[in-house]
file coords29.cif (mmCIF, C-alpha atoms and all ligand atoms)
data_query
loop_
_atom_site.label_atom_id
_atom_site.label_comp_id
_atom_site.auth_asym_id
_atom_site.auth_seq_id
_atom_site.Cartn_x
_atom_site.Cartn_y
_atom_site.Cartn_z
CA MET U 7 101.95 84.63 80.02
CA ILE U 8 105.55 85.35 79.08
CA ASN U 9 108.09 86.66 81.59
CA PHE U 10 109.31 89.95 80.12
CA ASP U 11 112.56 89.89 82.06
CA THR U 12 113.75 86.51 80.77
CA TYR U 13 112.28 86.73 77.27
CA SER U 14 114.80 87.40 74.49
CA PHE U 15 113.65 90.01 71.99
CA ALA U 16 116.56 89.27 69.62
CA GLY U 17 115.34 89.64 66.05
CA LYS U 18 111.78 90.42 67.22
CA LYS U 19 109.60 93.45 66.61
CA ALA U 20 107.71 94.32 69.78
CA ILE U 21 104.71 96.63 69.78
CA VAL U 22 104.65 98.33 73.17
CA ARG U 23 101.67 100.19 74.66
CA VAL U 24 103.23 102.97 76.70
CA ASP U 25 101.68 105.92 78.48
CA PHE U 26 103.20 109.01 76.91
CA ASN U 27 100.23 111.17 77.83
CA VAL U 28 102.60 113.86 79.13
CA PRO U 29 101.97 117.57 79.75
CA LEU U 30 103.23 119.97 77.03
CA ASN U 31 103.66 123.74 77.30
CA SER U 32 102.60 126.30 74.68
CA ASP U 33 105.81 125.62 72.72
CA PHE U 34 104.96 121.88 72.74
CA LYS U 35 107.85 121.09 75.04
CA VAL U 36 107.46 118.28 77.58
CA THR U 37 107.11 119.84 81.05
CA ASP U 38 107.04 116.61 83.09
CA ASP U 39 108.74 113.54 81.63
CA THR U 40 108.04 111.11 84.51
CA ARG U 41 106.04 108.83 82.22
CA ILE U 42 108.69 108.83 79.48
CA VAL U 43 111.47 108.10 81.96
CA GLY U 44 109.24 105.41 83.50
CA ALA U 45 109.00 103.53 80.19
CA ALA U 46 112.68 103.78 79.32
CA SER U 47 113.88 100.58 81.01
CA THR U 48 111.26 98.50 79.20
CA ILE U 49 112.24 99.98 75.83
CA LYS U 50 115.96 99.58 76.53
CA LYS U 51 115.53 95.93 77.51
CA ILE U 52 113.96 95.24 74.10
CA THR U 53 116.58 97.11 72.07
CA SER U 54 119.56 95.83 74.04
CA ASP U 55 118.34 92.26 73.46
CA GLY U 56 118.58 93.01 69.73
CA GLY U 57 114.88 93.59 69.17
CA SER U 58 113.13 96.65 67.85
CA ALA U 59 110.40 98.59 69.66
CA ILE U 60 107.27 100.05 68.09
CA LEU U 61 105.77 102.42 70.65
CA MET U 62 102.10 103.33 70.73
CA SER U 63 100.33 105.77 73.07
CA HIS U 64 97.58 108.31 73.39
CA LEU U 65 98.13 111.99 74.11
CA GLY U 66 95.39 114.29 75.41
CA ARG U 67 91.80 114.04 74.34
CA PRO U 68 91.55 114.58 70.59
CA LYS U 69 88.01 114.64 69.28
CA GLY U 70 88.37 111.61 67.03
CA GLY U 71 90.62 112.93 64.26
CA PRO U 72 94.16 114.30 63.90
CA GLU U 73 94.86 117.57 65.77
CA ASP U 74 98.38 118.95 65.65
CA LYS U 75 98.38 119.99 69.30
CA PHE U 76 97.92 116.34 70.28
CA SER U 77 100.52 114.96 67.88
CA LEU U 78 103.06 112.65 69.48
CA ARG U 79 105.72 114.06 67.15
CA HIS U 80 106.09 116.84 69.77
CA ILE U 81 107.70 114.37 72.15
CA VAL U 82 110.10 112.66 69.71
CA ALA U 83 113.09 114.89 70.54
CA HIS U 84 112.58 114.49 74.28
CA LEU U 85 112.12 110.73 74.00
CA SER U 86 115.28 110.45 71.88
CA LYS U 87 117.20 112.33 74.58
CA VAL U 88 115.88 110.09 77.37
CA LEU U 89 116.69 106.90 75.42
CA GLY U 90 120.01 108.24 74.14
CA GLN U 91 119.21 107.23 70.57
CA GLU U 92 117.31 108.48 67.55
CA VAL U 93 113.58 107.69 67.64
CA LEU U 94 111.77 107.30 64.31
CA PHE U 95 108.23 108.63 63.95
CA ALA U 96 105.31 107.33 61.86
CA SER U 97 102.77 110.03 61.02
CA ASP U 98 99.89 107.56 61.38
CA CYS U 99 99.52 104.65 63.81
CA ILE U 100 98.08 102.32 61.15
CA GLY U 101 98.08 102.29 57.35
CA ALA U 102 100.98 102.72 54.96
CA PRO U 103 103.27 105.03 57.02
CA ALA U 104 103.21 102.73 60.03
CA LYS U 105 103.43 99.52 57.98
CA GLU U 106 106.37 100.63 55.89
CA MET U 107 108.36 102.05 58.77
CA ALA U 108 107.67 99.02 60.99
CA ALA U 109 108.70 96.66 58.20
CA ALA U 110 111.99 98.54 57.71
CA LEU U 111 112.93 98.58 61.40
CA LYS U 112 116.33 97.14 62.23
CA PRO U 113 117.37 95.49 65.51
CA GLY U 114 117.93 98.13 68.19
CA GLN U 115 115.73 100.75 66.51
CA VAL U 116 112.76 102.52 68.09
CA LEU U 117 109.68 103.74 66.22
CA LEU U 118 106.97 105.91 67.76
CA LEU U 119 103.50 105.77 66.19
CA GLU U 120 101.19 108.79 65.97
CA ASN U 121 98.48 109.28 68.63
CA LEU U 122 96.16 106.25 68.83
CA ARG U 123 93.22 108.44 69.79
CA PHE U 124 93.22 110.12 66.38
CA TYR U 125 91.03 107.08 65.67
CA LYS U 126 87.78 106.76 67.61
CA GLU U 127 88.23 103.01 67.14
CA GLU U 128 90.91 103.07 69.85
CA GLU U 129 88.60 103.88 72.76
CA LYS U 130 85.81 101.81 71.24
CA GLY U 131 88.04 98.74 71.41
CA ASP U 132 87.54 98.10 67.70
CA GLU U 133 88.84 94.69 66.57
CA ALA U 134 89.84 95.66 63.04
CA PHE U 135 91.83 98.62 64.38
CA ALA U 136 93.52 96.37 66.97
CA LYS U 137 94.32 93.86 64.24
CA ALA U 138 95.92 96.58 62.11
CA LEU U 139 98.14 97.56 65.06
CA ALA U 140 98.97 93.92 65.76
CA SER U 141 100.03 93.36 62.14
CA LEU U 142 103.04 95.65 62.73
CA ALA U 143 104.82 93.37 65.21
CA ASP U 144 105.73 89.86 66.38
CA VAL U 145 105.05 90.32 70.10
CA TYR U 146 102.96 92.62 72.32
CA VAL U 147 104.11 94.33 75.51
CA ASN U 148 101.69 96.33 77.64
CA ASP U 149 103.42 98.82 79.91
CA ALA U 150 100.70 101.48 80.24
CA PHE U 151 99.30 100.92 83.71
CA GLY U 152 97.31 104.18 83.69
CA THR U 153 95.01 102.82 80.98
CA ALA U 154 94.95 99.15 82.05
CA HIS U 155 91.40 99.58 83.41
CA ARG U 156 90.12 100.48 79.94
CA ALA U 157 89.17 97.89 77.31
CA HIS U 158 90.65 99.96 74.49
CA ALA U 159 92.03 98.51 71.25
CA SER U 160 95.71 99.06 72.19
CA THR U 161 95.41 98.15 75.87
CA THR U 162 93.25 95.03 75.71
CA ILE U 163 91.80 93.94 72.35
CA VAL U 164 95.18 93.82 70.59
CA ALA U 165 96.30 90.99 72.93
CA LYS U 166 93.89 88.64 71.11
CA PHE U 167 96.17 88.74 68.11
CA PHE U 168 99.23 87.75 70.13
CA GLU U 169 98.16 84.40 71.60
CA GLY U 170 101.10 83.24 73.74
CA LYS U 171 103.11 86.24 72.59
CA SER U 172 102.02 88.99 74.98
CA MET U 173 103.48 90.21 78.26
CA PHE U 174 103.68 93.11 80.71
CA GLY U 175 106.66 95.47 80.72
CA TYR U 176 108.64 96.49 83.82
CA LEU U 177 106.23 99.27 84.78
CA ILE U 178 103.06 97.18 84.92
CA ASN U 179 104.93 94.33 86.58
CA GLY U 180 106.17 96.76 89.23
CA GLU U 181 102.67 98.14 89.83
CA LEU U 182 101.16 94.66 90.16
CA LYS U 183 103.88 93.53 92.53
CA ALA U 184 103.42 96.61 94.73
CA MET U 185 99.62 96.29 94.87
CA ASP U 186 99.72 92.54 95.52
CA LYS U 187 102.19 93.16 98.32
CA VAL U 188 99.61 95.34 100.07
CA LEU U 189 96.67 93.03 99.36
CA ASN U 190 98.37 89.75 100.26
CA SER U 191 100.97 90.72 102.82
CA THR U 192 102.03 88.42 105.62
CA ASP U 193 104.01 91.28 107.20
CA LYS U 194 101.86 93.11 109.72
CA PRO U 195 100.51 95.57 110.65
CA VAL U 196 99.12 96.67 107.30
CA THR U 197 97.70 100.20 107.25
CA ALA U 198 95.60 101.90 104.60
CA VAL U 199 95.39 105.68 104.72
CA MET U 200 92.39 106.89 102.75
CA GLY U 201 91.58 110.52 102.08
CA GLY U 202 89.96 112.72 99.49
CA ALA U 203 86.67 114.44 99.07
CA LYS U 204 84.08 111.73 98.78
CA VAL U 205 83.16 108.47 100.47
CA SER U 206 81.42 107.37 97.29
CA ASP U 207 84.72 107.29 95.34
CA LYS U 208 86.50 105.25 98.00
CA ILE U 209 83.79 102.97 99.34
CA LEU U 210 84.64 99.93 97.22
CA ILE U 211 88.36 100.11 97.90
CA MET U 212 87.75 100.52 101.63
CA GLU U 213 85.45 97.49 101.65
CA ASN U 214 87.93 95.34 99.75
CA LEU U 215 90.84 96.48 101.93
CA LEU U 216 89.05 95.38 105.09
CA SER U 217 90.12 91.83 104.22
CA SER U 218 93.80 92.84 103.94
CA VAL U 219 94.53 95.57 106.48
CA ASN U 220 94.84 95.85 110.25
CA ASN U 221 94.38 99.62 110.37
CA LEU U 222 92.19 101.91 108.29
CA ILE U 223 92.96 105.61 108.63
CA ILE U 224 90.30 107.92 107.23
CA GLY U 225 90.95 111.61 106.55
CA GLY U 226 89.99 114.34 104.09
CA GLY U 227 86.50 115.54 103.27
CA MET U 228 84.95 112.10 103.59
CA THR U 229 85.64 112.25 107.33
CA TYR U 230 82.50 114.33 107.76
CA THR U 231 80.14 111.75 106.28
CA PHE U 232 81.47 109.31 108.90
CA ILE U 233 81.26 111.87 111.71
CA LYS U 234 77.72 112.94 110.85
CA ALA U 235 76.65 109.29 110.55
CA GLN U 236 77.89 108.80 114.13
CA GLY U 237 75.93 111.81 115.40
CA GLY U 238 78.72 114.44 115.44
CA SER U 239 78.34 118.11 114.44
CA ILE U 240 79.94 118.95 111.11
CA GLY U 241 78.90 122.60 110.54
CA LYS U 242 79.05 123.25 106.81
CA SER U 243 81.77 120.66 106.10
CA ILE U 244 81.45 118.61 102.93
CA CYS U 245 79.12 115.62 103.48
CA GLU U 246 77.32 113.04 101.37
CA GLU U 247 73.94 112.83 103.10
CA ASP U 248 72.94 109.79 101.03
CA LYS U 249 76.05 107.86 102.16
CA LEU U 250 75.52 108.04 105.93
CA ASP U 251 74.26 104.45 106.13
CA LEU U 252 77.11 103.27 103.93
CA ALA U 253 79.61 104.93 106.29
CA LEU U 254 78.06 103.14 109.30
CA ASP U 255 78.10 99.92 107.32
CA ILE U 256 81.86 100.25 106.69
CA LEU U 257 82.49 100.91 110.38
CA ALA U 258 80.42 97.84 111.33
CA LYS U 259 82.21 95.63 108.80
CA ALA U 260 85.59 96.88 110.02
CA LYS U 261 84.63 96.03 113.60
CA ALA U 262 83.45 92.56 112.58
CA LYS U 263 86.78 91.93 110.84
CA GLY U 264 88.85 93.31 113.72
CA VAL U 265 90.19 96.24 111.67
CA ASN U 266 91.06 99.34 113.73
CA VAL U 267 89.49 102.45 112.18
CA TYR U 268 91.12 105.81 112.92
CA LEU U 269 89.07 108.92 112.19
CA PRO U 270 90.34 112.49 112.79
CA ILE U 271 89.99 113.67 116.39
CA ASP U 272 90.56 117.35 115.67
CA ALA U 273 90.39 119.55 112.59
CA VAL U 274 91.49 122.85 111.12
CA ASN U 275 88.18 124.62 110.58
CA ALA U 276 87.61 127.56 108.27
CA ASP U 277 84.78 130.08 107.99
CA ALA U 278 84.91 129.85 104.18
CA PHE U 279 86.30 127.60 101.44
CA ASP U 280 89.04 130.10 100.77
CA ALA U 281 92.83 130.26 100.97
CA ASN U 282 92.54 133.36 103.20
CA ALA U 283 89.69 132.16 105.41
CA ASN U 284 89.78 132.61 109.18
CA THR U 285 90.71 129.36 110.90
CA GLN U 286 90.42 127.67 114.27
CA ILE U 287 91.18 124.21 115.58
CA CYS U 288 88.26 122.26 117.03
CA GLU U 289 87.39 118.70 117.88
CA ALA U 290 86.51 116.95 114.64
CA ASN U 291 83.01 115.96 115.77
CA GLN U 292 82.20 119.40 117.19
CA THR U 293 82.47 121.70 114.19
CA PRO U 294 80.78 125.01 115.10
CA ASP U 295 77.85 126.22 112.97
CA GLY U 296 79.02 128.23 109.97
CA TRP U 297 82.49 126.57 109.96
CA MET U 298 83.88 123.74 107.87
CA GLY U 299 86.70 121.26 108.41
CA LEU U 300 89.35 121.65 105.71
CA ASP U 301 92.30 119.78 107.23
CA VAL U 302 93.10 117.39 110.04
CA GLY U 303 94.33 119.01 113.27
CA PRO U 304 97.60 118.55 115.25
CA LYS U 305 96.31 115.79 117.58
CA THR U 306 95.14 113.84 114.54
CA VAL U 307 98.51 114.27 112.84
CA GLU U 308 100.15 112.85 115.95
CA LEU U 309 97.77 109.88 116.08
CA PHE U 310 97.92 109.09 112.35
CA SER U 311 101.72 109.46 112.28
CA LYS U 312 102.10 107.02 115.18
CA VAL U 313 99.92 104.38 113.51
CA ILE U 314 101.72 104.85 110.19
CA GLU U 315 105.19 104.67 111.74
CA GLU U 316 104.33 101.43 113.55
CA SER U 317 103.21 99.79 110.28
CA LYS U 318 105.09 97.34 108.10
CA ILE U 319 102.97 97.83 104.97
CA ILE U 320 101.32 101.15 104.08
CA LEU U 321 98.94 102.15 101.33
CA TRP U 322 98.13 105.84 100.99
CA ASN U 323 95.47 107.21 98.65
CA GLY U 324 93.93 110.67 98.91
CA PRO U 325 94.79 113.94 100.69
CA MET U 326 93.96 114.63 104.36
CA GLY U 327 92.64 118.11 103.59
CA VAL U 328 92.33 120.79 100.94
CA PHE U 329 96.07 120.58 100.35
CA GLU U 330 95.89 122.83 97.28
CA MET U 331 95.63 125.76 99.77
CA ASP U 332 98.72 126.21 101.98
CA LYS U 333 96.64 126.84 105.10
CA PHE U 334 95.09 123.39 104.78
CA ALA U 335 98.06 121.40 103.45
CA LYS U 336 99.78 120.50 106.73
CA GLY U 337 97.85 117.29 107.45
CA THR U 338 98.64 115.90 104.01
CA THR U 339 102.30 116.92 104.24
CA GLU U 340 102.64 115.36 107.69
CA VAL U 341 101.13 112.09 106.46
CA ALA U 342 103.59 112.10 103.54
CA LEU U 343 106.45 112.63 106.02
CA ALA U 344 105.20 109.86 108.32
CA VAL U 345 104.97 107.42 105.39
CA ALA U 346 108.53 108.38 104.40
CA ARG U 347 109.80 107.86 107.98
CA ALA U 348 108.09 104.47 108.20
CA THR U 349 109.69 103.49 104.89
CA GLU U 350 113.10 104.55 106.16
CA LYS U 351 112.54 102.19 109.11
CA GLY U 352 111.91 99.31 106.73
CA ALA U 353 108.19 99.42 105.93
CA PHE U 354 106.90 98.93 102.38
CA SER U 355 104.88 101.93 101.19
CA LEU U 356 102.67 102.34 98.16
CA VAL U 357 101.28 105.76 97.30
CA GLY U 358 98.69 106.15 94.56
CA GLY U 359 96.21 108.69 93.24
CA GLY U 360 97.01 112.02 91.62
CA ASP U 361 96.70 114.16 94.76
CA SER U 362 98.75 111.99 97.12
CA VAL U 363 101.44 111.56 94.46
CA ALA U 364 101.44 115.37 93.97
CA ALA U 365 101.88 115.82 97.75
CA VAL U 366 104.79 113.35 97.77
CA ASN U 367 106.46 115.14 94.86
CA LYS U 368 105.81 118.61 96.28
CA ASN U 369 107.62 117.57 99.45
CA LYS U 370 110.41 115.92 97.43
CA LEU U 371 109.76 112.55 99.08
CA SER U 372 109.31 110.31 96.05
CA ASP U 373 112.63 108.51 96.61
CA LYS U 374 111.62 107.88 100.23
CA ILE U 375 108.47 105.94 99.23
CA SER U 376 108.82 102.27 98.18
CA TYR U 377 106.49 102.59 95.19
CA VAL U 378 104.71 105.61 93.71
CA SER U 379 101.93 104.39 91.43
CA THR U 380 101.55 105.83 87.94
CA GLY U 381 97.87 104.94 87.60
CA GLY U 382 95.21 106.63 89.72
CA GLY U 383 92.00 105.09 88.40
CA ALA U 384 93.63 101.80 87.46
CA MET U 385 95.15 101.41 90.90
CA LEU U 386 91.85 102.15 92.65
CA GLU U 387 90.03 99.57 90.53
CA TYR U 388 92.68 96.90 91.10
CA MET U 389 92.65 97.54 94.85
CA GLU U 390 88.83 97.35 94.76
CA GLY U 391 89.35 93.72 93.72
CA LYS U 392 88.25 94.27 90.11
CA GLU U 393 89.93 92.47 87.25
CA LEU U 394 91.35 95.15 84.92
CA PRO U 395 90.67 94.39 81.23
CA GLY U 396 94.26 95.19 80.21
CA ILE U 397 95.64 92.88 82.90
CA LYS U 398 93.16 90.09 82.24
CA ALA U 399 93.85 90.14 78.50
CA ILE U 400 97.47 89.13 79.13
CA ARG U 401 97.10 87.00 82.28
CA ARG U 402 94.38 84.92 80.62
P1 LIG S 1 89.80 112.73 95.66
O1 LIG S 1 89.89 113.09 94.21
O2 LIG S 1 88.53 112.06 96.05
O3 LIG S 1 91.03 112.01 96.17
O4 LIG S 1 89.72 114.11 96.43
C1 LIG S 1 90.74 115.04 96.38
C2 LIG S 1 90.19 116.38 96.75
O5 LIG S 1 89.62 116.32 98.03
C3 LIG S 1 91.24 117.44 96.80
O6 LIG S 1 91.02 118.34 95.75
C4 LIG S 1 91.03 118.11 98.15
O7 LIG S 1 91.05 119.51 98.09
C5 LIG S 1 89.66 117.62 98.56
N1 LIG S 1 89.48 117.61 100.01
C6 LIG S 1 90.26 117.03 100.92
N2 LIG S 1 89.81 117.29 102.16
C7 LIG S 1 88.72 118.07 102.04
C8 LIG S 1 87.83 118.68 102.97
N3 LIG S 1 87.98 118.52 104.28
N4 LIG S 1 86.81 119.41 102.48
C9 LIG S 1 86.65 119.56 101.15
N5 LIG S 1 87.47 119.01 100.22
C10 LIG S 1 88.49 118.28 100.66
#
call {"tool": "encode", "arguments": {"input": "coords29.cif", "output": "structure tokens", "more": "lines below"}}
Ligand code: AMP
result
Amino acid sequence: MINFDTYSFAGKKAIVRVDFNVPLNSDFKVTDDTRIVGAASTIKKITSDGGSAILMSHLGRPKGGPEDKFSLRHIVAHLSKVLGQEVLFASDCIGAPAKEMAAALKPGQVLLLENLRFYKEEEKGDEAFAKALASLADVYVNDAFGTAHRAHASTTIVAKFFEGKSMFGYLINGELKAMDKVLNSTDKPVTAVMGGAKVSDKILIMENLLSSVNNLIIGGGMTYTFIKAQGGSIGKSICEEDKLDLALDILAKAKAKGVNVYLPIDAVNADAFDANANTQICEANQTPDGWMGLDVGPKTVELFSKVIEESKIILWNGPMGVFEMDKFAKGTTEVALAVARATEKGAFSLVGGGDSVAAVNKNKLSDKISYVSTGGGAMLEYMEGKELPGIKAIRR
């Protein structure tokens, strides 16, 4: 595997898998350019070395053929502005337009290819399609962490055609470093804060983390599967009846490994799943009939915040409550603030997953977190201990 940072791209054409799957408004203007800005340093490293960059990405979910609303040409102007240079655009990602424009590229130039998913071969991981992409360049750089868990043509298969000539860009390297820091830390205590709706989505990551963490904080809707499994009353709170044994199993494994598990001690209960519901605070394992727990309560916030602030390494994935409704957002906001305070005191913090990242951004805390992951599903799978196809293809 080549080290991206020390490699010289002078005179080389690099094909770079980026994640430019950005939101567009009805005028096809980019409304959130986090992903474009995130890829800029990788692109600039290539061009400032005297190489040229051929960028490939998907956008949206086209049905297997070209659709103007999913054309990457909509982002060319914005990308040019972010990079501070003109970006060329090829109206097809393979075939004559791409070939001719790639062949004519001069050192320092940037070419963006049309949406990869206009070909169903992309998601199928088709070899011939990957080979056609590979034929455009001398070296391959993967910097799309969000799709690294997919064995698509541009994320995985294409690496076959760059034996000894493939590498990760700054973004993927940063993600891997952050995740490995949590999984293999010698700094202690290590705390994982897990939230979200379902135990079933988080069971594998929780199991894998038991070998790395000292503290496991559990919040969000999945709390109630744990509480019911332990004999508590959960009213009409969300619960996965078929996961009760699994919840007990996790608690037993945690105990065997000496991991402290912190479950909510009180909760904000509501009489309906509604932004204007009546609310009351009760002990988390004594939810009255007809009520449901939609956020962690004040005593829980105090407990979780204390554990978080005493930690040296923190991983946070998943909201503590139904944070989309203001009445039930406090627990999630308070956890975000506690992670930020811990980071200020010198802890390393990694936040991943769409909802936790949204909570961090909503509270304007992103620069107070050590690393905010760009890949929800990919991060979960990596932290579950799985080998991601896009990572394996290059590390091999
Ligand atoms: P996930 O995608 O598994 O991380 O779950 C995120 C979702 O969990 C968010 O949409 C939250 O609204 C939801 N959630 C969090 N806490 C609760 C709860 N106590 N009851 C129902 N849903 C919840």
call {"tool": "closest_atom_pairs", "arguments": {"input": "coords29.cif", "of": "chain U", "to": "ligand LIG 1 (chain S)", "cutoff": "6 Å", "atoms": "all atoms listed in the file", "output": "CSV"}}
result
residue,atom,partner,partner_atom,distance
U:Gly202,CA,S:LIG1,O4,3.4
U:Ala203,CA,S:LIG1,O5,3.6
U:Lys204,CA,S:LIG1,O2,5.2
U:Gly226,CA,S:LIG1,N2,3.5
U:Gly227,CA,S:LIG1,C8,3.4
U:Ile244,CA,S:LIG1,N4,5.4
U:Gly299,CA,S:LIG1,N3,5.1
U:Leu300,CA,S:LIG1,N3,3.7
U:Asp301,CA,S:LIG1,N3,5.4
U:Gly324,CA,S:LIG1,O3,4.2
U:Pro325,CA,S:LIG1,C6,5.5
U:Met326,CA,S:LIG1,N2,5.4
U:Gly327,CA,S:LIG1,N2,3.3
U:Val328,CA,S:LIG1,O7,3.4
U:Phe329,CA,S:LIG1,O7,5.6
U:Glu330,CA,S:LIG1,O7,5.9
call {"tool": "atom_distance", "arguments": {"input": "coords29.cif", "atom1": "atom CA of Gly303 of chain U", "atom2": "atom CA of Gly359 of chain U"}}
result
22.6 Å
call {"tool": "closest_residue", "arguments": {"input": "coords29.cif", "among": "U:Leu252, U:Leu216, U:Ile209, U:Val43", "to": "Leu386 of chain U", "atoms": "all atoms listed in the file"}}
result
U:Ile209
call {"tool": "residues_around", "arguments": {"input": "coords29.cif", "residues": "segment 88-104 of chain U", "least_positions_apart": "6", "cutoff": "8 Å", "atoms": "all atoms listed in the file", "output": "mmCIF file with C-alpha atoms, keeping the file's coordinate frame"}}
result
data_model
loop_
_atom_site.group_PDB
_atom_site.id
_atom_site.type_symbol
_atom_site.label_atom_id
_atom_site.label_comp_id
_atom_site.auth_asym_id
_atom_site.auth_seq_id
_atom_site.Cartn_x
_atom_site.Cartn_y
_atom_site.Cartn_z
ATOM 1 C CA ILE U 42 108.690 108.830 79.480
ATOM 2 C CA VAL U 43 111.470 108.100 81.960
ATOM 3 C CA ALA U 46 112.680 103.780 79.320
ATOM 4 C CA LYS U 50 115.960 99.580 76.530
ATOM 5 C CA MET U 62 102.100 103.330 70.730
ATOM 6 C CA ARG U 79 105.720 114.060 67.150
ATOM 7 C CA VAL U 82 110.100 112.660 69.710
ATOM 8 C CA GLN U 115 115.730 100.750 66.510
ATOM 9 C CA VAL U 116 112.760 102.520 68.090
ATOM 10 C CA LEU U 117 109.680 103.740 66.220
ATOM 11 C CA LEU U 118 106.970 105.910 67.760
ATOM 12 C CA LEU U 119 103.500 105.770 66.190
ATOM 13 C CA GLU U 120 101.190 108.790 65.970
ATOM 14 C CA ASN U 121 98.480 109.280 68.630
ATOM 15 C CA LEU U 122 96.160 106.250 68.830
ATOM 16 C CA PHE U 135 91.830 98.620 64.380
ATOM 17 C CA ALA U 138 95.920 96.580 62.110
ATOM 18 C CA LEU U 139 98.140 97.560 65.060
ATOM 19 C CA LEU U 142 103.040 95.650 62.730
#
call {"tool": "closest_residue", "arguments": {"input": "coords29.cif", "among": "U:Lys194, U:Arg402, U:Lys351, U:Lys105", "to": "Phe168 of chain U", "atoms": "only C-alpha atoms"}}
result
U:Arg402
call {"tool": "residues_around", "arguments": {"input": "coords29.cif", "residues": "Gln286 of chain U", "least_positions_apart": "2", "cutoff": "7 Å", "atoms": "only C-alpha atoms", "output": "PyMOL selection string"}}
result
chain U and resi 274-276+288
call {"tool": "write_last_selection", "arguments": {"input": "coords29.cif", "atoms": "C-alpha atoms", "output": "PDB file, in the coordinates of the input"}}
result
ATOM      1  CA  VAL U 274      91.490 122.850 111.120  1.00  0.00           C
ATOM      2  CA  ASN U 275      88.180 124.620 110.580  1.00  0.00           C
ATOM      3  CA  ALA U 276      87.610 127.560 108.270  1.00  0.00           C
ATOM      4  CA  CYS U 288      88.260 122.260 117.030  1.00  0.00           C
TER       5      CYS U 288
END
call {"tool": "residues_around", "arguments": {"input": "coords29.cif", "residues": "segment 280-284 of chain U", "least_positions_apart": "6", "cutoff": "8 Å", "atoms": "all atoms listed in the file", "output": "ChimeraX atom specification"}}
result
/U:331-333
call {"tool": "closest_residue", "arguments": {"input": "coords29.cif", "among": "U:Leu61, U:Ile178, U:Ala136, U:Ile320", "to": "Ser218 of chain U", "atoms": "all atoms listed in the file"}}
result
U:Ile320
call {"tool": "closest_residue", "arguments": {"input": "coords29.cif", "among": "U:Arg347, U:Lys259, U:Arg123, U:Lys318", "to": "Ser191 of chain U", "atoms": "all atoms listed in the file"}}
result
U:Lys318
call {"tool": "atom_distance", "arguments": {"input": "coords29.cif", "atom1": "atom CA of Leu394 of chain U", "atom2": "atom CA of Leu371 of chain U"}}
result
29.0 Å
call {"tool": "residues_around", "arguments": {"input": "coords29.cif", "residues": "Val199 of chain U", "least_positions_apart": "3", "cutoff": "9 Å", "atoms": "only C-alpha atoms", "output": "list in words"}}
result
Asn221, Leu222, Ile223, Ile224, Gly225, Phe310, Ile314, Ile320, Leu321, Trp322, Asn323, Gly324 and Val341 of chain U
call {"tool": "write_last_selection", "arguments": {"input": "coords29.cif", "atoms": "C-alpha atoms", "output": "mmCIF file, keeping the file's coordinate frame"}}
result
data_model
loop_
_atom_site.group_PDB
_atom_site.id
_atom_site.type_symbol
_atom_site.label_atom_id
_atom_site.label_comp_id
_atom_site.auth_asym_id
_atom_site.auth_seq_id
_atom_site.Cartn_x
_atom_site.Cartn_y
_atom_site.Cartn_z
ATOM 1 C CA ASN U 221 94.380 99.620 110.370
ATOM 2 C CA LEU U 222 92.190 101.910 108.290
ATOM 3 C CA ILE U 223 92.960 105.610 108.630
ATOM 4 C CA ILE U 224 90.300 107.920 107.230
ATOM 5 C CA GLY U 225 90.950 111.610 106.550
ATOM 6 C CA PHE U 310 97.920 109.090 112.350
ATOM 7 C CA ILE U 314 101.720 104.850 110.190
ATOM 8 C CA ILE U 320 101.320 101.150 104.080
ATOM 9 C CA LEU U 321 98.940 102.150 101.330
ATOM 10 C CA TRP U 322 98.130 105.840 100.990
ATOM 11 C CA ASN U 323 95.470 107.210 98.650
ATOM 12 C CA GLY U 324 93.930 110.670 98.910
ATOM 13 C CA VAL U 341 101.130 112.090 106.460
#
call {"tool": "atom_distance", "arguments": {"input": "coords29.cif", "atom1": "atom CA of Met185 of chain U", "atom2": "atom CA of Ile60 of chain U"}}
result
28.1 Å
call {"tool": "closest_residue", "arguments": {"input": "coords29.cif", "among": "U:Leu343, U:Ala154, U:Ala365, U:Val22", "to": "Gly382 of chain U", "atoms": "all atoms listed in the file"}}
result
U:Ala154
call {"tool": "closest_residue", "arguments": {"input": "coords29.cif", "among": "U:Ser217, U:Ser63, U:Tyr176, U:Asn148", "to": "Ala262 of chain U", "atoms": "only C-alpha atoms"}}
result
U:Ser217
call {"tool": "residues_around", "arguments": {"input": "coords29.cif", "residues": "Gly17 of chain U", "least_positions_apart": "6", "cutoff": "10 Å", "atoms": "only C-alpha atoms", "output": "list in words"}}
result
Ile52, Thr53, Asp55, Gly56, Gly57, Ser58, Lys112, Pro113, Gly114 and Asp144 of chain U
call {"tool": "write_last_selection", "arguments": {"input": "coords29.cif", "atoms": "C-alpha atoms", "output": "short mmCIF file (atom, residue, chain, number, x, y, z; two decimals), keeping the file's coordinate frame"}}
result
data_model
loop_
_atom_site.label_atom_id
_atom_site.label_comp_id
_atom_site.auth_asym_id
_atom_site.auth_seq_id
_atom_site.Cartn_x
_atom_site.Cartn_y
_atom_site.Cartn_z
CA ILE U 52 113.96 95.24 74.10
CA THR U 53 116.58 97.11 72.07
CA ASP U 55 118.34 92.26 73.46
CA GLY U 56 118.58 93.01 69.73
CA GLY U 57 114.88 93.59 69.17
CA SER U 58 113.13 96.65 67.85
CA LYS U 112 116.33 97.14 62.23
CA PRO U 113 117.37 95.49 65.51
CA GLY U 114 117.93 98.13 68.19
CA ASP U 144 105.73 89.86 66.38
#
call {"tool": "residues_near_point", "arguments": {"input": "coords29.cif", "point": "(106.6, 116.2, 99.1)", "cutoff": "12 Å", "atoms": "all atoms listed in the file", "output": "ChimeraX atom specification"}}
result
/U:329,335-336,338-346,357,361-375
